[in-house]
Protein chains: 2
Amino acid sequence: MSKTQINQIHNSINRVVHEPVRLAILKILTSAKEVDFNFLLTTLGVTKGNLATHINKLEAAGFIEVKKEFRGKIPHTSYRITKTGRRQFQKYWENLMGLAPE
Amino acid sequence: MSKTQINQIHNSINRVVHEPVRLAILKILTSAKEVDFNFLLTTLGVTKGNLATHINKLEAAGFIEVKKEFRGKIPHTSYRITKTGRRQFQKYWENLMGLAPE
DNA sequence: ATCATTGGTTTGTATCAAAAACTGGTTTTT
DNA sequence: AAAAACCAGTTTTTGATACAAACCAATGAT
């Protein structure tokens with residue numbers, strides 16, 4: 001593997017995806033067409049503030065879409081992965097595998 | 001995949017390894033028994049300060065060993081991956097793959 | 001003599017993950 | 001009916017840390 005190849009690989013890692021909590025969120029969203037805040041909260045075992053910021057990042061990047069509604073009187077937020085999100089998640093893994101051991 | 005499984009996975013990601021530049025360093029060191037500072041510098045295309053700090057992290061974690069010698073009158077530093085480093089690199093990938101798409 | 005190169009270290013900055021604190025309610029308890 | 005506790009998040013703060021710039025001490029090239 002050449003120098004320029006190695007360089008191109010580690011520079012190609014998308015930082016929005018390359019964060020364990022966000023990787024886990026994307027992984028979940030690729031298989032579960034829609035999940036809500038509380039599901040992610042309990043599944044990931046992170047704090048609410050932490051989860052909210054990760055979600056914001058993913059939304060800002062256009063990787064997930066956020067739906068806010070009222071269920072009775074209680075607000076409810078749910079998330080889906082977008083086409084872009086799915087594509088970028090896939091692409092991230094393709095790039096990353098270039099750094100895996102043989 | 002269960003909630004506790006997802007939680008355990010994203011919490012198991014070793015942050016020392018999980019950094020693109022350090023991933024690239026470890027990748028190189030798994031195939032090239034010994035490399036020097038300048039090789040890494042040109043291969044990775046990072047600044048010297050940046051490279052030095054990444055190397056320090058890897059050394060502090062016991063993942064690489066650093067050999068300093070004089071070649072004639074010129075100092076020369078080279079690096080090898082340790083047993084621990086190799087094992088942790090492998091383990092990191094096993095954990096990480098739990099977050100890859102199906 | 002001086003300019004570039006090697007092989008770094010030190011210092012400064014800007015980003016960002018994570019937690020804590022806060023908000024605007026609703027439900028429950030007393 | 002008031003207070004306490006809970007829900008579903010958002011905003012703010014803090015602590016790390018990735019990264020680059022500047023520096024340094026020595027050697028080698030012109």
# chains A, B, ... in the order shown; residues from 1 in each chain; ligands from 1
>>> interface_residues(of="chain C", to="chain A", cutoff="12 Å", atoms="only C-alpha atoms (C1' of nucleotides)", output="list of chain:residue names")
C:DT15, C:DC16, C:DA17, C:DA18, C:DA19, C:DA20, C:DA21, C:DC22, C:DG24, C:DG25, C:DT26, C:DT27
>>> residues_around(residues="B:Thr77", least_positions_apart="5", cutoff="9 Å", atoms="only C-alpha atoms (C1' of nucleotides)", output="list in words")
Val35, Asp36, Phe37, Asn38, Val66, Lys67, Lys68, Glu69 and Phe70 of chain B; DG7 of chain C
>>> write_last_selection(atoms="C-alpha atoms (C1' of nucleotides)", output="PDB file, in the first residue's frame")
ATOM      1  CA  VAL B  35       9.480   2.528  10.533  1.00  0.00           C
ATOM      2  CA  ASP B  36      10.972   5.896  11.413  1.00  0.00           C
ATOM      3  CA  PHE B  37       9.594   9.344  12.178  1.00  0.00           C
ATOM      4  CA  ASN B  38      10.182  10.719   8.724  1.00  0.00           C
ATOM      5  CA  VAL B  66      10.310   3.723  20.468  1.00  0.00           C
ATOM      6  CA  LYS B  67      13.950   3.217  19.633  1.00  0.00           C
ATOM      7  CA  LYS B  68      16.258   6.227  19.679  1.00  0.00           C
ATOM      8  CA  GLU B  69      19.766   5.923  18.316  1.00  0.00           C
ATOM      9  CA  PHE B  70      22.416   7.905  16.509  1.00  0.00           C
TER      10      PHE B  70
ATOM     11  C1'  DG C   7      14.210  15.229  14.244  1.00  0.00           C
TER      12       DG C   7
END
>>> interface_residues(of="chain D", to="chain B", cutoff="12 Å", atoms="only C-alpha atoms (C1' of nucleotides)", output="VMD selection string")
chain D and resid 17 to 23 25 to 28
>>> write_last_selection(atoms="C-alpha atoms (C1' of nucleotides)", output="compact mmCIF listing (two decimals), in the first residue's frame")
# COMPACT_ATOMS: atom_id res chain seq x y z
C1' DT D 17 -7.49 16.75 22.76
C1' DA D 18 -6.43 17.08 17.73
C1' DC D 19 -3.85 19.98 15.18
C1' DA D 20 -0.72 23.58 13.68
C1' DA D 21 2.75 27.08 14.37
C1' DA D 22 6.79 28.32 16.26
C1' DC D 23 10.87 27.12 18.19
C1' DA D 25 19.85 22.33 18.47
C1' DA D 26 22.61 20.09 15.54
C1' DT D 27 24.30 18.70 10.84
C1' DG D 28 24.94 19.08 5.93
>>> interface_residues(of="chain B", to="chain A", cutoff="7 Å", atoms="only C-alpha atoms", output="list in words")
Lys3, Thr4, Ile6, Asn7, His10, Ile13, Pro20, Val21, Leu23, Ala24, Lys27, Thr43, Leu44, Gly45, Leu99, Ala100 and Pro101 of chain B
>>> write_last_selection(atoms="all heavy atoms", output="compact mmCIF listing (two decimals), in the first residue's frame")
# COMPACT_ATOMS: atom_id res chain seq x y z
N LYS B 3 -30.40 -4.15 23.47
CA LYS B 3 -29.96 -2.86 23.98
C LYS B 3 -28.61 -2.95 24.68
O LYS B 3 -27.71 -2.16 24.43
CB LYS B 3 -30.99 -2.30 24.97
CG LYS B 3 -32.28 -1.89 24.32
CD LYS B 3 -33.15 -1.08 25.24
CE LYS B 3 -34.37 -0.58 24.50
NZ LYS B 3 -34.99 0.58 25.14
N THR B 4 -28.49 -3.90 25.57
CA THR B 4 -27.23 -4.01 26.30
C THR B 4 -26.06 -4.33 25.36
O THR B 4 -24.95 -3.87 25.57
CB THR B 4 -27.31 -5.08 27.41
OG1 THR B 4 -28.09 -6.16 26.92
CG2 THR B 4 -27.95 -4.51 28.65
N ILE B 6 -25.71 -3.26 22.17
CA ILE B 6 -25.32 -2.02 21.50
C ILE B 6 -24.53 -1.13 22.47
O ILE B 6 -23.48 -0.59 22.14
CB ILE B 6 -26.57 -1.25 21.00
CG1 ILE B 6 -27.09 -1.86 19.71
CG2 ILE B 6 -26.24 0.22 20.78
CD1 ILE B 6 -26.46 -1.33 18.44
N ASN B 7 -25.04 -1.02 23.67
CA ASN B 7 -24.37 -0.22 24.70
C ASN B 7 -22.94 -0.71 24.93
O ASN B 7 -21.99 0.06 24.90
CB ASN B 7 -25.18 -0.30 25.99
CG ASN B 7 -24.65 0.66 27.05
OD1 ASN B 7 -23.47 1.00 27.04
ND2 ASN B 7 -25.50 1.08 27.95
N HIS B 10 -20.52 0.25 21.84
CA HIS B 10 -19.98 1.61 21.67
C HIS B 10 -19.16 2.05 22.86
O HIS B 10 -18.32 2.93 22.75
CB HIS B 10 -21.07 2.62 21.28
CG HIS B 10 -21.78 3.25 22.42
ND1 HIS B 10 -22.98 2.80 22.89
CD2 HIS B 10 -21.45 4.32 23.18
CE1 HIS B 10 -23.35 3.57 23.89
NE2 HIS B 10 -22.45 4.50 24.09
N ILE B 13 -15.22 0.75 22.47
CA ILE B 13 -14.29 1.30 21.47
C ILE B 13 -13.12 2.00 22.15
O ILE B 13 -13.30 2.99 22.84
CB ILE B 13 -15.02 2.30 20.54
CG1 ILE B 13 -16.23 1.66 19.86
CG2 ILE B 13 -14.07 2.87 19.51
CD1 ILE B 13 -15.93 0.42 19.08
N PRO B 20 -8.18 8.39 13.44
CA PRO B 20 -7.67 8.05 12.11
C PRO B 20 -6.16 8.04 11.96
O PRO B 20 -5.61 7.07 11.41
CB PRO B 20 -8.33 9.12 11.23
CG PRO B 20 -9.65 9.37 11.90
CD PRO B 20 -9.37 9.27 13.38
N VAL B 21 -5.47 9.05 12.46
CA VAL B 21 -4.01 9.06 12.30
C VAL B 21 -3.38 7.87 13.03
O VAL B 21 -2.50 7.20 12.50
CB VAL B 21 -3.40 10.39 12.81
CG1 VAL B 21 -1.89 10.32 12.77
CG2 VAL B 21 -3.91 11.56 11.97
N LEU B 23 -4.89 5.06 13.88
CA LEU B 23 -5.28 3.84 13.15
C LEU B 23 -4.32 3.60 12.00
O LEU B 23 -3.85 2.48 11.78
CB LEU B 23 -6.70 4.00 12.58
CG LEU B 23 -7.86 3.65 13.49
CD1 LEU B 23 -9.17 4.04 12.84
CD2 LEU B 23 -7.86 2.16 13.81
N ALA B 24 -4.02 4.68 11.28
CA ALA B 24 -3.11 4.54 10.13
C ALA B 24 -1.72 4.13 10.59
O ALA B 24 -1.08 3.27 9.98
CB ALA B 24 -3.06 5.85 9.34
N LYS B 27 -1.88 0.49 11.53
CA LYS B 27 -2.00 -0.29 10.28
C LYS B 27 -0.63 -0.45 9.62
O LYS B 27 -0.24 -1.56 9.23
CB LYS B 27 -2.96 0.44 9.34
CG LYS B 27 -2.89 0.03 7.88
CD LYS B 27 -3.61 -1.26 7.61
CE LYS B 27 -3.71 -1.52 6.10
NZ LYS B 27 -4.28 -2.83 5.80
N THR B 43 4.38 9.72 4.94
CA THR B 43 3.29 8.82 4.57
C THR B 43 1.94 9.36 5.00
O THR B 43 0.96 9.30 4.25
CB THR B 43 3.49 7.44 5.23
OG1 THR B 43 4.76 6.94 4.85
CG2 THR B 43 2.43 6.46 4.78
N LEU B 44 1.90 9.89 6.21
CA LEU B 44 0.61 10.34 6.75
C LEU B 44 0.26 11.75 6.30
O LEU B 44 -0.92 12.13 6.29
CB LEU B 44 0.64 10.28 8.28
CG LEU B 44 0.87 8.88 8.86
CD1 LEU B 44 1.08 8.97 10.36
CD2 LEU B 44 -0.30 7.96 8.55
N GLY B 45 1.27 12.54 5.98
CA GLY B 45 0.98 13.90 5.56
C GLY B 45 0.44 14.78 6.69
O GLY B 45 -0.41 15.63 6.47
N LEU B 99 -20.57 -2.44 14.99
CA LEU B 99 -21.32 -1.24 14.62
C LEU B 99 -21.41 -1.07 13.10
O LEU B 99 -21.99 -0.10 12.61
CB LEU B 99 -20.67 0.01 15.24
CG LEU B 99 -20.67 0.05 16.77
CD1 LEU B 99 -19.95 1.28 17.27
CD2 LEU B 99 -22.10 0.03 17.31
N ALA B 100 -20.85 -1.99 12.36
CA ALA B 100 -20.90 -1.92 10.89
C ALA B 100 -22.29 -2.30 10.39
O ALA B 100 -23.02 -3.01 11.09
CB ALA B 100 -19.86 -2.85 10.30
N PRO B 101 -22.64 -1.79 9.22
CA PRO B 101 -23.93 -2.19 8.65
C PRO B 101 -23.91 -3.69 8.32
O PRO B 101 -22.85 -4.26 8.13
CB PRO B 101 -24.05 -1.35 7.39
CG PRO B 101 -22.67 -0.88 7.08
CD PRO B 101 -21.91 -0.88 8.35
>>> atom_distance(atom1="atom CA of B:Glu34", atom2="atom CA of B:Tyr79")
5.6 Å
